[in-house]
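Working notes, structure below.
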Amino acid sequence: MEAHHVLKTHNFNIRSFGTGSAVRLPGPSIDRPNVFRFGTPYKDIYNELVAQDKTLYIQNGVLQMLERNIKTKLAPESWQESREIFNVVFTCEERCFDAVIEELLDRGEKLNVPVHVINLEIRDNHEDAVVGGKLFLELATLIEKSKDHEHEMTEILETFQQRTKANILHNVCFF
């Protein structure tokens, strides 16, 4: 969501989705995460966690993250339930990259509309998310400035990767 927040702040037309079966947030222990259905408003998630243990969720940064999310969008959404068409899909973890590609392949190439699926590997912590948000902004800006991103994408990604040393995965799929 940090990348969504950063890109939205810079006026990109952005949507964000989860690729799992539910929303999972840290719980009182590693084996007891908080699990919420997609579509549960961030404000409701926030209020539930405050009622559970406000101190814990302040200390681990979850409430601050949810405060940002509340300002960014109403609720988490599922990639598998979305039927929108995108030119570019960014992911932050290889498992999400794989899930997006698998879902696109399962849908079939009915419309023959290409989509570039690009993964920047970002560790799931606040500090790396902030750095990742800046990297996504830089990459999105390069793509947007391209006169023909369909034909220039490989060059854009190679240049970006050389300059930033970011770990990038890229695949072209079709809607």
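Residues in the structure tokens are numbered from 1 in each chain, the chains being A, B, ... in the order shown, and ligands are numbered from 1 in the order shown.
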
With DSSP run on the backbone, what are the alpha helix (DSSP H) residues within chain A? I'd like them as a PyMOL selection string.
chain A and resi 2-9+42-59+62-72+94-107+126-145+149-164

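When the distance limit is 9 Å and only C-alpha atoms are what count, the residues near A:Gly133, minus those fewer than 3 positions from it on the same chain, are Met1, Glu2, Ala3, His4, His5, Val6, Leu7, Asp128, Ala129, Val130, Phe136, Leu137 and Glu138 of chain A.
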
Which residues are near A:Ile122? Cut-off 9 Å, only C-alpha atoms, ignore same chain within fewer than 6 positions. Put them as JSON, numbers by chain.
{"A": [91, 92, 93, 128, 129, 131, 132, 167]}

Long-range neighbours of A:Gly20 as a ChimeraX atom specification, 9 Å cut-off, only C-alpha atoms, 2 positions minimum in chain:
/A:18,22-24,78-80,96,99

Applying 9 Å and only C-alpha atoms, which residues near A:Pro41 remain after dropping the ones on its own chain fewer than 3 positions away? List them as number ranges by chain.
A: 38, 44-46, 70, 73-76

Write out as a PDB file with N, CA and C atoms, in the first residue's frame each polymer residue whose atoms come within 12 Å of A:Glu158, counting only C-alpha atoms; drop sequence neighbours fewer than 4 positions from it.
ATOM      1  N   LEU A 139      10.026   4.295 -11.463  1.00  0.00           N
ATOM      2  CA  LEU A 139       9.769   3.412 -12.604  1.00  0.00           C
ATOM      3  C   LEU A 139       8.480   3.801 -13.329  1.00  0.00           C
ATOM      4  N   LEU A 142       9.134   6.779 -15.496  1.00  0.00           N
ATOM      5  CA  LEU A 142       9.862   6.421 -16.719  1.00  0.00           C
ATOM      6  C   LEU A 142       8.919   5.794 -17.747  1.00  0.00           C
ATOM      7  N   GLU A 152       9.394  -0.116 -25.765  1.00  0.00           N
ATOM      8  CA  GLU A 152      10.553   0.383 -25.026  1.00  0.00           C
ATOM      9  C   GLU A 152      10.690  -0.235 -23.630  1.00  0.00           C
ATOM     10  N   MET A 153       9.772  -1.097 -23.233  1.00  0.00           N
ATOM     11  CA  MET A 153       9.756  -1.586 -21.855  1.00  0.00           C
ATOM     12  C   MET A 153      11.044  -2.300 -21.450  1.00  0.00           C
ATOM     13  N   THR A 154      11.560  -3.159 -22.317  1.00  0.00           N
ATOM     14  CA  THR A 154      12.797  -3.881 -21.974  1.00  0.00           C
ATOM     15  C   THR A 154      13.923  -2.897 -21.702  1.00  0.00           C
ATOM     16  N   GLN A 162      19.870  -1.215 -13.886  1.00  0.00           N
ATOM     17  CA  GLN A 162      21.295  -0.870 -13.802  1.00  0.00           C
ATOM     18  C   GLN A 162      21.518   0.303 -12.856  1.00  0.00           C
ATOM     19  N   ARG A 163      20.649   1.296 -12.917  1.00  0.00           N
ATOM     20  CA  ARG A 163      20.813   2.497 -12.096  1.00  0.00           C
ATOM     21  C   ARG A 163      20.485   2.240 -10.629  1.00  0.00           C
ATOM     22  N   THR A 164      19.436   1.459 -10.357  1.00  0.00           N
ATOM     23  CA  THR A 164      18.962   1.291  -8.977  1.00  0.00           C
ATOM     24  C   THR A 164      19.439   0.000  -8.322  1.00  0.00           C
ATOM     25  N   LYS A 165      19.911  -0.954  -9.137  1.00  0.00           N
ATOM     26  CA  LYS A 165      20.284  -2.292  -8.643  1.00  0.00           C
ATOM     27  C   LYS A 165      19.074  -3.047  -8.079  1.00  0.00           C
ATOM     28  N   ALA A 166      17.878  -2.631  -8.449  1.00  0.00           N
ATOM     29  CA  ALA A 166      16.644  -3.285  -7.993  1.00  0.00           C
ATOM     30  C   ALA A 166      16.530  -4.671  -8.621  1.00  0.00           C
ATOM     31  N   ASN A 167      15.958  -5.595  -7.871  1.00  0.00           N
ATOM     32  CA  ASN A 167      15.697  -6.954  -8.345  1.00  0.00           C
ATOM     33  C   ASN A 167      14.341  -6.934  -9.057  1.00  0.00           C
ATOM     34  N   ILE A 168      14.352  -7.063 -10.401  1.00  0.00           N
ATOM     35  CA  ILE A 168      13.137  -6.924 -11.205  1.00  0.00           C
ATOM     36  C   ILE A 168      12.797  -8.236 -11.902  1.00  0.00           C
ATOM     37  N   LEU A 169      11.507  -8.559 -11.897  1.00  0.00           N
ATOM     38  CA  LEU A 169      10.957  -9.620 -12.741  1.00  0.00           C
ATOM     39  C   LEU A 169       9.973  -8.956 -13.694  1.00  0.00           C
ATOM     40  N   HIS A 170       9.881  -9.467 -14.916  1.00  0.00           N
ATOM     41  CA  HIS A 170       8.987  -8.867 -15.903  1.00  0.00           C
ATOM     42  C   HIS A 170       8.412  -9.974 -16.791  1.00  0.00           C
TER      43      HIS A 170
END

Which residue, A:Asn119, A:Phe175, A:Thr159, A:Asn60, has the smallest gap to A:Asp98 when you use only C-alpha atoms?
A:Asn119
